[in-house]
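Trainee: Handing you this structure, nothing more for now.
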Amino acid sequence: MSADKNENTAGEPVETVDPVAVAEPAEATGPDGTEDLVGSAAAADAVAAASTERSAAAKKVTEILSHVEPKVGVAKPDVILTATGVQRRFGGMTAVDVDHLEVQRGAITALIGPNGAGKTTFFNLLTGFDKANQGTWEFEGRPIAHTSAAKLARTGMVRTFQLTKALSRLTVLQNMLLAAPGNPGENLFGSLFRPLWSGVEKRNTAKAMEILARFNLDQKKDDFAGSLSGGQRKLLEMARALMTEPTMIMLDEPMAGVNPALVQSLLHHVQALRDEGMTVLFVEHDMHAVRHISDWVVVMAEGRIVAEGPPDSVMQDQAVVDAYLGAHHDTDLGDDALLDPAVLARLEAEEEKR
Ligand SMILES: Nc1ncnc2c1ncn2[C@@H]1O[C@H](COP(=O)(O)OP(=O)(O)OP(=O)(O)O)[C@@H](O)[C@H]1O
């Protein structure tokens, strides 16, 4: 998914959104070089150990979803987000044509599909970054079809953004503060009242540092965001989103540009969001990631949802294999061998020595 796709080339109006989010087109994520998400052998062991155990939250959501029939548009027991009859056309081409989708609260749902399937467009519609030609959708039972991304964030649904060039020139901490609700960029009038603002700033700084520590980025608070590795950038994107204390977090390709040796660590962080009670929806091309952490997978092809269900059964669905792999018969739909904790611990240790 690229930031330029957020723009509507059909010349139709797109709602004004948070300037943090759309300052400039995203640049490619960081180099594939050394990353230090896992700072020590002990930390690597901890991540590996955690990845082998399924959390209570994971087990619970798996149990709940095991009673849901894996068929397109199926009703879920505890829905946080619903989309119905959503269509988005560009000229004569229908990019999105979704009859019905329900997203289960507290689950990690992956949105996958081949290139051009409509994932980005659907994701942009859901998150208030584009307008549908028709359709309705609800978040927490409230209609959100005409709600901007900034307003959505205030209601508890937030999406991550690839770090733009402008944000890369700010420090890690400045990035966090800019993402805080009520920051001076969002409310210039408020920033005129310095004493009032400085109280907010102190609280926001404390909150930012707490979140950065959780992602092992607190030591980097004064570094320019642009100097972070690919994996650290992805963590900063997640950290920024958490500044709004969301109930649902939408992740834009969380594994893109991340050194494969450190994907496991990132996956662990995404799972932790679910384990804390957040609902996660993510668009992703990395099938290992999808298989490993998703509780539910939604597959798009040619604008429509062609399958949905638990990861293992969806990946074996013939319609998915046909639609998804039509053009790429050699695509690996998630070989778990790569996720073997021992292999990963070794890769991470090697990476650390470099
Ligand atoms: N702003 C736009 N103007 C015109 N056509 C667009 C626009 N955005 C997307 N499309 C078209 O809509 C279709 C769906 O694109 P979309 O980017 O949503 O797919 P995707 O599944 O996210 O693909 P990828 O995996 O490559 O990111 C494509 O044919 C694309 O060319």
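Chain labels follow the order of the structure tokens: the first chain is A, the next B, and so on; residue numbering restarts at 1 in every chain, and ligands are counted from 1 in their shown order.
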List the spatial neighbours of Arg142 of chain A as a list in words - criterion: any atom at most 12 Å away, only C-alpha atoms, same-chain residues fewer than 5 positions off excluded.

Mentor: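 Using only C-alpha atoms, the neighbours found are Val79, Ile80, Leu81, Thr82, Ala83, Thr136, Trp137, Thr147, Leu152, Thr155, Gly156 and Met157 of chain A.
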
Trainee: Using only C-alpha atoms, which of A:Met176, A:Leu126, A:Leu251, A:Leu170 sits nearest Asp223 of chain A?

Mentor: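 So, comparing all the options, the nearest one is A:Leu170.
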
Trainee: Report as JSON, numbers by chain all protein, DNA and RNA residues lying within 12 Å of Ala272 of chain A, evaluated on only C-alpha atoms, omitting residues in the same chain fewer than 6 positions from it.

Mentor: {"A": [47, 50, 51, 54, 55, 56, 57, 58, 106, 107, 108, 214, 215, 238, 265, 266, 278, 279, 280, 293]}

Trainee: Export C-alpha atoms of the chosen residues as a PDB file, in the first residue's frame?

Mentor:
ATOM      1  CA  VAL A  47      10.257 -13.141  22.240  1.00  0.00           C
ATOM      2  CA  ALA A  50       6.280 -15.784  23.986  1.00  0.00           C
ATOM      3  CA  SER A  51       5.722 -16.676  20.358  1.00  0.00           C
ATOM      4  CA  ARG A  54      -0.802 -18.680  22.801  1.00  0.00           C
ATOM      5  CA  SER A  55      -2.185 -16.041  25.101  1.00  0.00           C
ATOM      6  CA  ALA A  56      -5.461 -16.427  26.937  1.00  0.00           C
ATOM      7  CA  ALA A  57      -6.933 -13.725  24.668  1.00  0.00           C
ATOM      8  CA  ALA A  58      -5.809 -15.614  21.557  1.00  0.00           C
ATOM      9  CA  GLY A 106     -10.906  -8.253  20.156  1.00  0.00           C
ATOM     10  CA  ALA A 107      -9.649 -10.269  17.180  1.00  0.00           C
ATOM     11  CA  ILE A 108      -6.756  -9.793  14.777  1.00  0.00           C
ATOM     12  CA  ARG A 214       7.160  -0.570  25.545  1.00  0.00           C
ATOM     13  CA  PHE A 215       8.501  -0.598  21.972  1.00  0.00           C
ATOM     14  CA  MET A 238       2.276   1.659  15.990  1.00  0.00           C
ATOM     15  CA  SER A 265       9.397  -9.342  17.234  1.00  0.00           C
ATOM     16  CA  LEU A 266       6.974  -7.109  15.384  1.00  0.00           C
ATOM     17  CA  MET A 278      -7.712  -3.985  21.177  1.00  0.00           C
ATOM     18  CA  THR A 279      -9.221  -5.037  17.877  1.00  0.00           C
ATOM     19  CA  VAL A 280      -6.663  -5.170  15.076  1.00  0.00           C
ATOM     20  CA  ILE A 293      -0.951 -13.929  14.074  1.00  0.00           C
TER      21      ILE A 293
END

Trainee: Would you pick out the contacts of segment 70-77 of chain A at 7 Å or less, using only C-alpha atoms, so that residues sharing its chain but fewer than 6 positions from it are not included, and give the list as a list of chain:residue names?

Mentor: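 With the cut-off at 7 Å, the set is A:His100, A:Leu101, A:Glu102, A:Gln104, A:Ile305, A:Val306, A:Ala307, A:Glu308, A:Gly309.
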
Trainee: Go ahead and save the picked residues with C-alpha atoms, as an mmCIF file, in the first residue's frame.

Mentor:
data_model
loop_
_atom_site.group_PDB
_atom_site.id
_atom_site.type_symbol
_atom_site.label_atom_id
_atom_site.label_comp_id
_atom_site.auth_asym_id
_atom_site.auth_seq_id
_atom_site.Cartn_x
_atom_site.Cartn_y
_atom_site.Cartn_z
ATOM 1 C CA HIS A 100 -21.126 -7.302 3.759
ATOM 2 C CA LEU A 101 -18.283 -7.643 6.220
ATOM 3 C CA GLU A 102 -18.337 -7.871 10.002
ATOM 4 C CA GLN A 104 -15.095 -9.372 15.404
ATOM 5 C CA ILE A 305 -14.479 -10.446 -0.717
ATOM 6 C CA VAL A 306 -14.005 -13.971 -2.007
ATOM 7 C CA ALA A 307 -13.403 -15.805 1.265
ATOM 8 C CA GLU A 308 -13.139 -15.322 4.994
ATOM 9 C CA GLY A 309 -12.315 -17.643 7.849
#

Trainee: Just the number, please: distance in Å from atom CA of Asp312 of chain A to atom 8 (N, counted along the ligand's line) of ligand 1, one decimal.

Mentor: 29.8 Å

Trainee: Which distance in Å separates atom 7 (C, counted along the ligand's line) of ligand 1 and atom CA of Asn133 of chain A, to one decimal?

Mentor: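 Between atom 7 (C, counted along the ligand's line) of ligand 1 and atom CA of Asn133 of chain A the gap is 13.3 Å.
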